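Peer 1: What follows is coords00.cif; its format and atoms are mmCIF, C-alpha atoms and all ligand atoms.
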data_query
#
loop_
_atom_site.group_PDB
_atom_site.id
_atom_site.type_symbol
_atom_site.label_atom_id
_atom_site.label_comp_id
_atom_site.auth_asym_id
_atom_site.auth_seq_id
_atom_site.Cartn_x
_atom_site.Cartn_y
_atom_site.Cartn_z
ATOM 1 C CA VAL A 1 12.429 22.950 208.579
ATOM 2 C CA PHE A 2 9.350 23.019 206.372
ATOM 3 C CA ASP A 3 7.873 26.160 207.902
ATOM 4 C CA THR A 4 9.814 28.094 205.278
ATOM 5 C CA ASN A 5 8.184 31.478 205.955
ATOM 6 C CA GLY A 6 8.612 30.978 209.702
ATOM 7 C CA ASP A 7 5.003 31.881 210.602
ATOM 8 C CA GLY A 8 4.710 28.898 212.943
ATOM 9 C CA PHE A 9 2.313 27.029 210.631
ATOM 10 C CA ILE A 10 2.780 24.586 207.776
ATOM 11 C CA ASP A 11 0.656 26.158 205.013
ATOM 12 C CA LYS A 12 -0.495 24.444 201.815
ATOM 13 C CA GLU A 13 2.661 24.999 199.720
ATOM 14 C CA GLU A 14 4.834 24.075 202.654
ATOM 15 C CA PHE A 15 2.789 20.938 203.222
ATOM 16 C CA THR A 16 3.120 19.899 199.560
ATOM 17 C CA PHE A 17 6.891 20.427 199.709
ATOM 18 C CA CYS A 18 7.072 18.464 202.954
ATOM 19 C CA TRP A 19 4.932 15.630 201.549
ATOM 20 C CA ASN A 20 6.966 15.387 198.318
ATOM 21 C CA HIS A 21 10.089 15.182 200.408
ATOM 22 C CA TRP A 22 8.901 12.526 202.821
ATOM 23 C CA ILE A 23 7.088 10.344 200.291
ATOM 24 C CA LYS A 24 10.397 10.098 198.414
ATOM 25 C CA VAL A 25 12.277 9.339 201.610
ATOM 26 C CA ILE A 26 9.848 6.549 202.410
ATOM 27 C CA VAL A 27 9.218 5.010 199.004
ATOM 28 C CA ARG A 28 12.575 5.422 197.290
ATOM 29 C CA PRO A 29 15.348 6.017 199.811
ATOM 30 C CA VAL A 30 18.801 6.895 198.464
ATOM 31 C CA SER A 31 21.543 6.208 200.983
ATOM 32 C CA ALA A 32 24.804 8.047 201.533
ATOM 33 C CA PHE A 33 27.576 6.806 203.819
ATOM 34 C CA LEU A 34 29.676 9.631 205.268
ATOM 35 C CA ILE A 35 32.950 8.710 206.974
ATOM 36 C CA VAL A 36 34.128 11.712 208.991
ATOM 37 C CA ASP A 37 37.802 12.602 209.513
ATOM 38 C CA VAL A 38 39.360 9.132 209.999
ATOM 39 C CA GLN A 39 42.791 10.787 209.777
ATOM 40 C CA ASN A 40 46.162 9.923 211.319
ATOM 41 C CA ASP A 41 46.404 12.975 213.587
ATOM 42 C CA PHE A 42 43.180 12.067 215.426
ATOM 43 C CA ILE A 43 44.254 8.428 215.874
ATOM 44 C CA SER A 44 47.986 8.486 216.604
ATOM 45 C CA GLY A 45 49.203 11.999 215.789
ATOM 46 C CA THR A 46 49.058 15.464 217.310
ATOM 47 C CA LEU A 47 45.351 15.425 218.243
ATOM 48 C CA ASN A 48 45.388 11.776 219.349
ATOM 49 C CA ILE A 49 41.947 11.317 220.887
ATOM 50 C CA SER A 50 43.223 8.430 223.036
ATOM 51 C CA LYS A 51 45.119 11.076 225.034
ATOM 52 C CA CYS A 52 41.955 13.165 225.496
ATOM 53 C CA ASN A 53 39.463 12.929 228.354
ATOM 54 C CA ALA A 54 37.465 9.984 226.951
ATOM 55 C CA GLN A 55 40.660 7.985 226.178
ATOM 56 C CA GLN A 56 39.063 6.248 223.208
ATOM 57 C CA ASP A 57 41.081 4.458 220.545
ATOM 58 C CA GLY A 58 40.274 6.070 217.185
ATOM 59 C CA SER A 59 41.737 3.164 215.215
ATOM 60 C CA GLU A 60 38.837 0.980 216.397
ATOM 61 C CA VAL A 61 36.502 2.676 213.911
ATOM 62 C CA VAL A 62 38.404 1.305 210.920
ATOM 63 C CA GLU A 63 37.199 -2.303 211.145
ATOM 64 C CA PRO A 64 33.447 -1.610 211.467
ATOM 65 C CA ILE A 65 33.686 1.015 208.692
ATOM 66 C CA ASN A 66 35.491 -1.385 206.345
ATOM 67 C CA HIS A 67 32.922 -4.061 207.172
ATOM 68 C CA LEU A 68 30.045 -1.706 206.325
ATOM 69 C CA LEU A 69 31.743 -0.722 203.049
ATOM 70 C CA ASP A 70 32.132 -4.413 202.170
ATOM 71 C CA THR A 71 28.607 -5.511 203.049
ATOM 72 C CA VAL A 72 26.140 -2.633 202.614
ATOM 73 C CA PRO A 73 25.349 -1.364 199.091
ATOM 74 C CA PHE A 74 25.229 2.357 199.911
ATOM 75 C CA ASP A 75 24.231 4.487 196.909
ATOM 76 C CA CYS A 76 27.164 6.830 197.502
ATOM 77 C CA VAL A 77 30.137 7.111 199.840
ATOM 78 C CA PHE A 78 31.893 10.241 201.153
ATOM 79 C CA TYR A 79 35.120 10.644 203.127
ATOM 80 C CA SER A 80 35.600 13.997 204.841
ATOM 81 C CA LEU A 81 39.036 15.371 205.681
ATOM 82 C CA ASP A 82 39.898 18.076 208.173
ATOM 83 C CA TRP A 83 42.276 20.023 205.914
ATOM 84 C CA HIS A 84 43.860 23.045 207.565
ATOM 85 C CA PRO A 85 46.366 25.596 206.205
ATOM 86 C CA PRO A 86 49.413 26.124 208.531
ATOM 87 C CA ASP A 87 48.082 29.515 209.780
ATOM 88 C CA HIS A 88 44.700 28.074 210.848
ATOM 89 C CA VAL A 89 42.794 29.933 213.577
ATOM 90 C CA SER A 90 42.186 26.762 215.646
ATOM 91 C CA PHE A 91 45.861 25.995 216.311
ATOM 92 C CA ILE A 92 47.115 26.853 219.804
ATOM 93 C CA ASP A 93 50.517 27.846 218.474
ATOM 94 C CA ASN A 94 48.828 30.420 216.194
ATOM 95 C CA VAL A 95 46.931 32.150 219.011
ATOM 96 C CA HIS A 96 49.292 35.168 218.946
ATOM 97 C CA MET A 97 48.641 35.754 215.218
ATOM 98 C CA ARG A 98 45.220 37.344 215.862
ATOM 99 C CA GLU A 99 43.844 39.751 218.415
ATOM 100 C CA LEU A 100 41.640 38.409 221.201
ATOM 101 C CA HIS A 101 38.430 40.123 222.313
ATOM 102 C CA PRO A 102 38.542 41.801 225.774
ATOM 103 C CA SER A 103 35.833 39.351 226.899
ATOM 104 C CA SER A 104 37.953 36.275 226.052
ATOM 105 C CA PRO A 105 37.923 33.921 229.065
ATOM 106 C CA VAL A 106 41.678 33.328 228.656
ATOM 107 C CA SER A 107 44.425 35.622 227.403
ATOM 108 C CA ALA A 108 46.725 34.603 224.555
ATOM 109 C CA ASP A 109 49.650 34.214 226.977
ATOM 110 C CA ARG A 110 47.726 31.843 229.239
ATOM 111 C CA ALA A 111 45.787 29.925 226.578
ATOM 112 C CA ALA A 112 46.492 26.206 226.332
ATOM 113 C CA ALA A 113 45.291 23.518 223.948
ATOM 114 C CA TYR A 114 41.590 22.637 224.460
ATOM 115 C CA ASP A 115 40.836 26.068 225.995
ATOM 116 C CA THR A 116 38.188 28.273 224.422
ATOM 117 C CA VAL A 117 39.075 31.871 223.558
ATOM 118 C CA ILE A 118 37.189 34.721 221.874
ATOM 119 C CA PHE A 119 38.891 36.362 218.913
ATOM 120 C CA ALA A 120 38.326 40.098 218.414
ATOM 121 C CA GLY A 121 36.764 39.865 214.960
ATOM 122 C CA PRO A 122 34.667 41.816 214.107
ATOM 123 C CA PRO A 123 32.433 40.085 214.815
ATOM 124 C CA PRO A 124 33.873 38.426 217.953
ATOM 125 C CA MET A 125 34.292 34.686 217.453
ATOM 126 C CA ARG A 126 34.456 31.905 220.055
ATOM 127 C CA GLN A 127 37.039 29.303 219.161
ATOM 128 C CA ARG A 128 38.283 26.180 220.896
ATOM 129 C CA LEU A 129 42.035 25.845 220.469
ATOM 130 C CA TRP A 130 43.549 22.533 219.426
ATOM 131 C CA PRO A 131 47.047 21.233 218.933
ATOM 132 C CA ARG A 132 48.239 21.817 215.360
ATOM 133 C CA HIS A 133 46.579 19.004 213.394
ATOM 134 C CA CYS A 134 45.584 17.860 209.907
ATOM 135 C CA VAL A 135 47.776 20.352 208.077
ATOM 136 C CA GLN A 136 47.179 20.078 204.321
ATOM 137 C CA ASP A 137 49.415 17.550 202.537
ATOM 138 C CA THR A 138 51.029 16.166 205.709
ATOM 139 C CA TRP A 139 50.977 12.598 207.073
ATOM 140 C CA GLY A 140 48.682 13.680 209.923
ATOM 141 C CA ALA A 141 46.008 14.745 207.453
ATOM 142 C CA GLU A 142 46.041 11.449 205.547
ATOM 143 C CA LEU A 143 43.239 8.971 206.025
ATOM 144 C CA HIS A 144 44.236 5.978 208.193
ATOM 145 C CA ASN A 145 46.230 3.514 206.126
ATOM 146 C CA ASP A 146 43.916 0.543 206.811
ATOM 147 C CA LEU A 147 40.732 2.442 205.923
ATOM 148 C CA LYS A 148 39.179 1.021 202.794
ATOM 149 C CA ILE A 149 38.730 3.626 200.024
ATOM 150 C CA VAL A 150 35.968 2.526 197.692
ATOM 151 C CA GLU A 151 35.910 3.325 194.018
ATOM 152 C CA GLY A 152 33.676 6.230 193.016
ATOM 153 C CA ALA A 153 33.664 7.733 196.514
ATOM 154 C CA THR A 154 33.958 11.491 196.997
ATOM 155 C CA LYS A 155 36.418 13.220 199.330
ATOM 156 C CA VAL A 156 35.186 16.377 201.035
ATOM 157 C CA TYR A 157 37.749 18.847 202.435
ATOM 158 C CA LYS A 158 36.846 21.205 205.282
ATOM 159 C CA GLY A 159 38.555 23.753 207.518
ATOM 160 C CA THR A 160 40.516 25.160 204.579
ATOM 161 C CA ASN A 161 39.761 28.830 205.391
ATOM 162 C CA PRO A 162 42.518 29.999 207.805
ATOM 163 C CA GLU A 163 40.078 32.358 209.593
ATOM 164 C CA VAL A 164 37.243 29.979 210.452
ATOM 165 C CA ASP A 165 37.027 26.441 211.820
ATOM 166 C CA SER A 166 34.716 23.816 210.373
ATOM 167 C CA TYR A 167 33.358 21.020 212.531
ATOM 168 C CA SER A 168 30.380 20.135 210.343
ATOM 169 C CA VAL A 169 31.119 18.570 206.966
ATOM 170 C CA PHE A 170 28.292 20.734 205.553
ATOM 171 C CA TRP A 171 29.383 24.244 206.568
ATOM 172 C CA ASP A 172 32.124 26.089 208.418
ATOM 173 C CA ASN A 173 31.325 27.112 212.006
ATOM 174 C CA LYS A 174 30.195 30.591 210.888
ATOM 175 C CA LYS A 175 28.115 29.186 208.020
ATOM 176 C CA LEU A 176 30.010 31.416 205.571
ATOM 177 C CA THR A 177 30.594 28.779 202.924
ATOM 178 C CA ASP A 178 29.318 25.286 202.347
ATOM 179 C CA THR A 179 31.503 22.407 201.265
ATOM 180 C CA SER A 180 30.779 20.340 198.155
ATOM 181 C CA LEU A 181 28.822 17.869 200.323
ATOM 182 C CA SER A 182 25.403 19.576 200.115
ATOM 183 C CA THR A 183 25.646 19.852 196.325
ATOM 184 C CA GLN A 184 26.818 16.260 195.918
ATOM 185 C CA LEU A 185 24.008 14.909 198.113
ATOM 186 C CA ARG A 186 21.427 16.933 196.192
ATOM 187 C CA LEU A 187 22.832 15.801 192.820
ATOM 188 C CA ARG A 188 22.540 12.166 193.900
ATOM 189 C CA GLY A 189 19.092 12.638 195.431
ATOM 190 C CA ALA A 190 20.195 11.308 198.808
ATOM 191 C CA THR A 191 17.480 10.900 201.426
ATOM 192 C CA ASP A 192 19.278 8.974 204.182
ATOM 193 C CA ILE A 193 22.757 9.694 205.553
ATOM 194 C CA TYR A 194 24.697 7.185 207.626
ATOM 195 C CA ILE A 195 27.387 9.058 209.573
ATOM 196 C CA CYS A 196 30.354 7.808 211.594
ATOM 197 C CA GLY A 197 34.021 8.544 212.331
ATOM 198 C CA LEU A 198 35.999 11.023 214.443
ATOM 199 C CA ALA A 199 35.407 12.831 216.632
ATOM 200 C CA TYR A 200 31.969 11.704 217.829
ATOM 201 C CA ASP A 201 31.356 14.804 219.974
ATOM 202 C CA VAL A 202 32.974 17.324 217.588
ATOM 203 C CA CYS A 203 32.825 16.868 213.825
ATOM 204 C CA VAL A 204 30.534 13.832 213.718
ATOM 205 C CA GLY A 205 28.098 15.537 216.115
ATOM 206 C CA ALA A 206 28.088 18.849 214.224
ATOM 207 C CA THR A 207 27.604 17.044 210.901
ATOM 208 C CA ILE A 208 24.629 14.944 211.997
ATOM 209 C CA ALA A 209 23.017 18.027 213.588
ATOM 210 C CA ASP A 210 23.232 19.835 210.233
ATOM 211 C CA ALA A 211 22.004 16.782 208.318
ATOM 212 C CA LEU A 212 18.906 16.605 210.546
ATOM 213 C CA ALA A 213 18.324 20.375 210.324
ATOM 214 C CA ILE A 214 18.379 20.171 206.502
ATOM 215 C CA GLY A 215 15.765 17.422 206.638
ATOM 216 C CA TYR A 216 17.768 14.298 205.879
ATOM 217 C CA ARG A 217 16.985 11.085 207.678
ATOM 218 C CA ALA A 218 20.245 10.724 209.576
ATOM 219 C CA VAL A 219 21.680 7.655 211.260
ATOM 220 C CA LEU A 220 24.722 7.654 213.516
ATOM 221 C CA VAL A 221 26.706 4.412 213.513
ATOM 222 C CA GLU A 222 27.873 4.351 217.097
ATOM 223 C CA ASP A 223 30.533 1.626 217.156
ATOM 224 C CA ALA A 224 32.139 3.216 214.090
ATOM 225 C CA SER A 225 32.624 6.514 215.993
ATOM 226 C CA ARG A 226 34.989 7.589 218.796
ATOM 227 C CA GLY A 227 35.146 10.911 220.642
ATOM 228 C CA VAL A 228 37.078 13.344 222.790
ATOM 229 C CA ASP A 229 34.960 13.844 225.924
ATOM 230 C CA LEU A 230 32.486 11.405 227.523
ATOM 231 C CA ALA A 231 30.087 14.098 228.748
ATOM 232 C CA ASP A 232 30.091 15.734 225.306
ATOM 233 C CA ILE A 233 29.444 12.358 223.657
ATOM 234 C CA GLU A 234 26.345 11.974 225.886
ATOM 235 C CA LYS A 235 25.198 15.491 224.910
ATOM 236 C CA THR A 236 25.716 14.653 221.233
ATOM 237 C CA LYS A 237 23.578 11.515 221.578
ATOM 238 C CA ALA A 238 20.796 13.456 223.315
ATOM 239 C CA THR A 239 20.820 16.100 220.560
ATOM 240 C CA ILE A 240 20.576 13.435 217.854
ATOM 241 C CA VAL A 241 17.648 11.653 219.509
ATOM 242 C CA ASN A 242 15.850 14.929 220.344
ATOM 243 C CA ASN A 243 16.041 15.933 216.665
ATOM 244 C CA ASN A 244 14.634 12.642 215.380
ATOM 245 C CA GLY A 245 17.980 11.145 214.422
ATOM 246 C CA VAL A 246 18.713 7.475 214.924
ATOM 247 C CA ILE A 247 21.666 5.838 216.697
ATOM 248 C CA VAL A 248 22.521 2.280 215.670
ATOM 249 C CA ARG A 249 25.341 -0.258 215.893
ATOM 250 C CA SER A 250 26.979 -1.292 212.629
ATOM 251 C CA ASP A 251 25.470 -4.807 212.892
ATOM 252 C CA GLU A 252 22.036 -3.152 212.748
ATOM 253 C CA VAL A 253 22.790 -1.630 209.324
ATOM 254 C CA LEU A 254 21.769 -4.618 207.288
ATOM 255 C CA PRO A 255 22.570 -5.243 203.645
ATOM 256 C CA MET A 256 19.382 -5.120 201.571
ATOM 257 C CA VAL A 257 18.007 -8.512 200.535
HETATM 258 C C1 LIG A 301 37.995 17.776 214.804
HETATM 259 C C2 LIG A 301 38.869 19.029 216.506
HETATM 260 C C3 LIG A 301 39.408 19.911 215.619
HETATM 261 C C4 LIG A 301 37.205 16.593 214.376
HETATM 262 C C5 LIG A 301 38.539 18.662 213.887
HETATM 263 O O1 LIG A 301 37.396 16.116 213.241
HETATM 264 O O2 LIG A 301 36.365 16.117 215.157
HETATM 265 N N1 LIG A 301 38.161 17.994 216.113
HETATM 266 N N2 LIG A 301 39.255 19.707 214.305
HETATM 267 ZN ZN ZN A 302 40.458 20.716 212.882
#
Now, as a test, write the supplied structure out as structure tokens.
Ligand code: VGL
Ligand code: ZN
Peer 2:
Amino acid sequence: VFDTNGDGFIDKEEFTFCWNHWIKVIVRPVSAFLIVDVQNDFISGTLNISKCNAQQDGSEVVEPINHLLDTVPFDCVFYSLDWHPPDHVSFIDNVHMRELHPSSPVSADRAAAYDTVIFAGPPPMRQRLWPRHCVQDTWGAELHNDLKIVEGATKVYKGTNPEVDSYSVFWDNKKLTDTSLSTQLRLRGATDIYICGLAYDVCVGATIADALAIGYRAVLVEDASRGVDLADIEKTKATIVNNNGVIVRSDEVLPMV
């Protein structure tokens, strides 16, 4: 990250930048708590993760998240929302709206939810298809009713471009546009991001990968996250650890004394 000119070495300016960053992280940490996509559709609606391969109950994240919000004095709190227009590219029932690339592993007529197709583009774009979910201003897109919404928190909307999906809360999958999250974190001088929510192996995983790539100290709160696929959850964990992220239980995130 700090080899900004990509020559394989950390030169003097790069070292100074790196040092200024890390000394701040160590001496004066500023924490952000990011609650990813705890929305009705993922818990009991059209993309109910309890019906997916891992059969996990998404509603179980609500209690540990509320407990963290009540007990830990995070410097700032963010709630992300998957927020799709009706003609979104990720919806299986929209697959006929756009041309597929000849190399697509499945044709539009045979494609089913959870399959991956390649849209023609240009450029060609791989896309996993999902049941229609989190459509803007519908019940399915609302945050779970029991989730505590703290005062002064910021909501971050993603997946609003009909042509591109957005798993990470930082950027869409093609890195065309960033959400307000990067700006907000920079404005608040955040150094540490605690991430949790749904789905562990999709949006939570993509978000923590980006957070680590940017250079944040990133912590995944495991018991406050639930996912779609057990093998993918294991891959997500390995990626986090291999990139110097931390995985903790919510009872390990202690209020400061
Ligand atoms: C998500 C699938 C499709 C998520 C969003 O929030 O993890 N998963 N869109
Ligand atoms: Zn989505």
Peer 1: Report as a list in words which protein, DNA and RNA residues come within 7 Å of ligand LIG 301 (chain A), using all atoms listed in the file.
Peer 2: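 Sorted by chain and then by number, the residues are Val36, Asp37, Asp82, Trp130, Tyr167, Leu198, Ala199, Tyr200, Val202, Cys203 and Val204 of chain A.
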Peer 1: Go through the chains and note each residue within 8 Å of ligand ZN 302 (chain A), using only C-alpha atoms and all ligand atoms, then give the set as a PyMOL selection string.
Peer 2: chain A and resi 82-84+90+130+133-134+159+165-167
Peer 1: Generate a file of the selected residues that holds C-alpha atoms, formatted as a short mmCIF file (atom, residue, chain, number, x, y, z; two decimals), in the frame of the given file.
Peer 2:
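Dumped everything to again16.cif:
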data_model
loop_
_atom_site.label_atom_id
_atom_site.label_comp_id
_atom_site.auth_asym_id
_atom_site.auth_seq_id
_atom_site.Cartn_x
_atom_site.Cartn_y
_atom_site.Cartn_z
CA ASP A 82 39.90 18.08 208.17
CA TRP A 83 42.28 20.02 205.91
CA HIS A 84 43.86 23.04 207.56
CA SER A 90 42.19 26.76 215.65
CA TRP A 130 43.55 22.53 219.43
CA HIS A 133 46.58 19.00 213.39
CA CYS A 134 45.58 17.86 209.91
CA GLY A 159 38.56 23.75 207.52
CA ASP A 165 37.03 26.44 211.82
CA SER A 166 34.72 23.82 210.37
CA TYR A 167 33.36 21.02 212.53
#
Peer 1: Once the PyMOL selection byres (((chain A and resi 240) around 9) and not hetatm) has been evaluated on this model, what residues remain selected, and can you format them as a list in words?
Peer 2: Gly205, Ile208, Ala209, Leu212, Ala218, Val219, Leu220, Lys235, Thr236, Lys237, Ala238, Thr239, Val241, Asn242, Asn243, Asn244, Gly245, Val246 and Ile247 of chain A
Peer 1: Save out the residues we just selected, C-alpha atoms, as a PDB file, in the coordinates of the input.
Peer 2:
ATOM      1  CA  GLY A 205      28.098  15.537 216.115  1.00  0.00           C
ATOM      2  CA  ILE A 208      24.629  14.944 211.997  1.00  0.00           C
ATOM      3  CA  ALA A 209      23.017  18.027 213.588  1.00  0.00           C
ATOM      4  CA  LEU A 212      18.906  16.605 210.546  1.00  0.00           C
ATOM      5  CA  ALA A 218      20.245  10.724 209.576  1.00  0.00           C
ATOM      6  CA  VAL A 219      21.680   7.655 211.260  1.00  0.00           C
ATOM      7  CA  LEU A 220      24.722   7.654 213.516  1.00  0.00           C
ATOM      8  CA  LYS A 235      25.198  15.491 224.910  1.00  0.00           C
ATOM      9  CA  THR A 236      25.716  14.653 221.233  1.00  0.00           C
ATOM     10  CA  LYS A 237      23.578  11.515 221.578  1.00  0.00           C
ATOM     11  CA  ALA A 238      20.796  13.456 223.315  1.00  0.00           C
ATOM     12  CA  THR A 239      20.820  16.100 220.560  1.00  0.00           C
ATOM     13  CA  VAL A 241      17.648  11.653 219.509  1.00  0.00           C
ATOM     14  CA  ASN A 242      15.850  14.929 220.344  1.00  0.00           C
ATOM     15  CA  ASN A 243      16.041  15.933 216.665  1.00  0.00           C
ATOM     16  CA  ASN A 244      14.634  12.642 215.380  1.00  0.00           C
ATOM     17  CA  GLY A 245      17.980  11.145 214.422  1.00  0.00           C
ATOM     18  CA  VAL A 246      18.713   7.475 214.924  1.00  0.00           C
ATOM     19  CA  ILE A 247      21.666   5.838 216.697  1.00  0.00           C
TER      20      ILE A 247
END
Peer 1: Counting only C-alpha atoms, what is within 12 Å of range 180-187 of chain A, bar same-chain residues fewer than 3 positions away, as a VMD selection string?
Peer 2: chain A and resid 30 to 34 36 75 to 81 153 to 158 168 to 172 177 190 to 193 207 210 to 211 214 to 216
Peer 1: Report as a PDB file with C-alpha atoms, in the frame of the given file all protein, DNA and RNA residues lying within 6 Å of range 49-57 of chain A, evaluated on all atoms listed in the file, omitting residues in the same chain fewer than 6 positions from it.
Peer 2:
ATOM      1  CA  PHE A  42      43.180  12.067 215.426  1.00  0.00           C
ATOM      2  CA  VAL A 228      37.078  13.344 222.790  1.00  0.00           C
ATOM      3  CA  ASP A 229      34.960  13.844 225.924  1.00  0.00           C
ATOM      4  CA  LEU A 230      32.486  11.405 227.523  1.00  0.00           C
TER       5      LEU A 230
END
Peer 1: Quick check, in Å to one decimal: how far apart do CA of Ala120 in chain A and CA of Arg132 in chain A lie?
Peer 2: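 Going from CA of Ala120 in chain A over to CA of Arg132 in chain A, I get 21.0 Å.
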Peer 1: Please report the interatomic distance between CA of Tyr194 in chain A and CA of Tyr114 in chain A in Å with one decimal.
Peer 2: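 These atoms are spaced 28.4 Å apart.
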Peer 1: I need every residue sitting at most 12 Å from the point (49.4, 16.5, 215.4) (coordinates as in the file, only C-alpha atoms considered), written as a PyMOL selection string.
Peer 2: chain A and resi 39-49+51+84+86+91-93+113+130-136+138-142
Peer 1: Please evaluate the PyMOL selection byres (((chain A and resi 106) around 8) and not hetatm) against the structure above and give the resulting residues as a count of residues only.
Peer 2: 9
Peer 1: Tell me which residues the PyMOL selection byres (((chain A and resi 125) around 12) and not hetatm) grabs here, as a VMD selection string.
Peer 2: chain A and resid 89 to 90 98 to 104 116 to 124 126 to 128 163 to 165 173 to 174
Peer 1: My list of candidates is A:Gly189, A:Cys196, A:Pro73, A:Leu254. Which is closest to Val25 in chain A when distances are computed with all atoms listed in the file?
Peer 2: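 Result for the nearest residue to Val25 in chain A: A:Gly189.
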Peer 1: Have a look at CA of Asn161 in chain A and CA of His88 in chain A and let me know their distance in Å, one decimal.
Peer 2: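 Taking CA of Asn161 in chain A as the start and CA of His88 in chain A as the end point, the length is 7.4 Å.
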Peer 1: Counting all atoms listed in the file, which of A:Phe2, A:Ser59, A:Phe9, A:Leu147 gets nearest to Ala213 in chain A?
Peer 2: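 Using all atoms listed in the file, Ala213 in chain A sits closest to A:Phe2.
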Peer 1: Looking at all atoms listed in the file, which of A:Arg226, A:Pro85, A:Asp137, A:Arg188 is the one that sits closest to Thr160 in chain A?
Peer 2: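 Ranked by minimum distance to Thr160 in chain A, first place goes to A:Pro85.
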Peer 1: Using all atoms listed in the file, collect all residues at a distance of at most 12 Å from (21.8, -4.0, 208.0) as written in the file, then present them as a PyMOL selection string.
Peer 2: chain A and resi 67-74+194+221+248-257
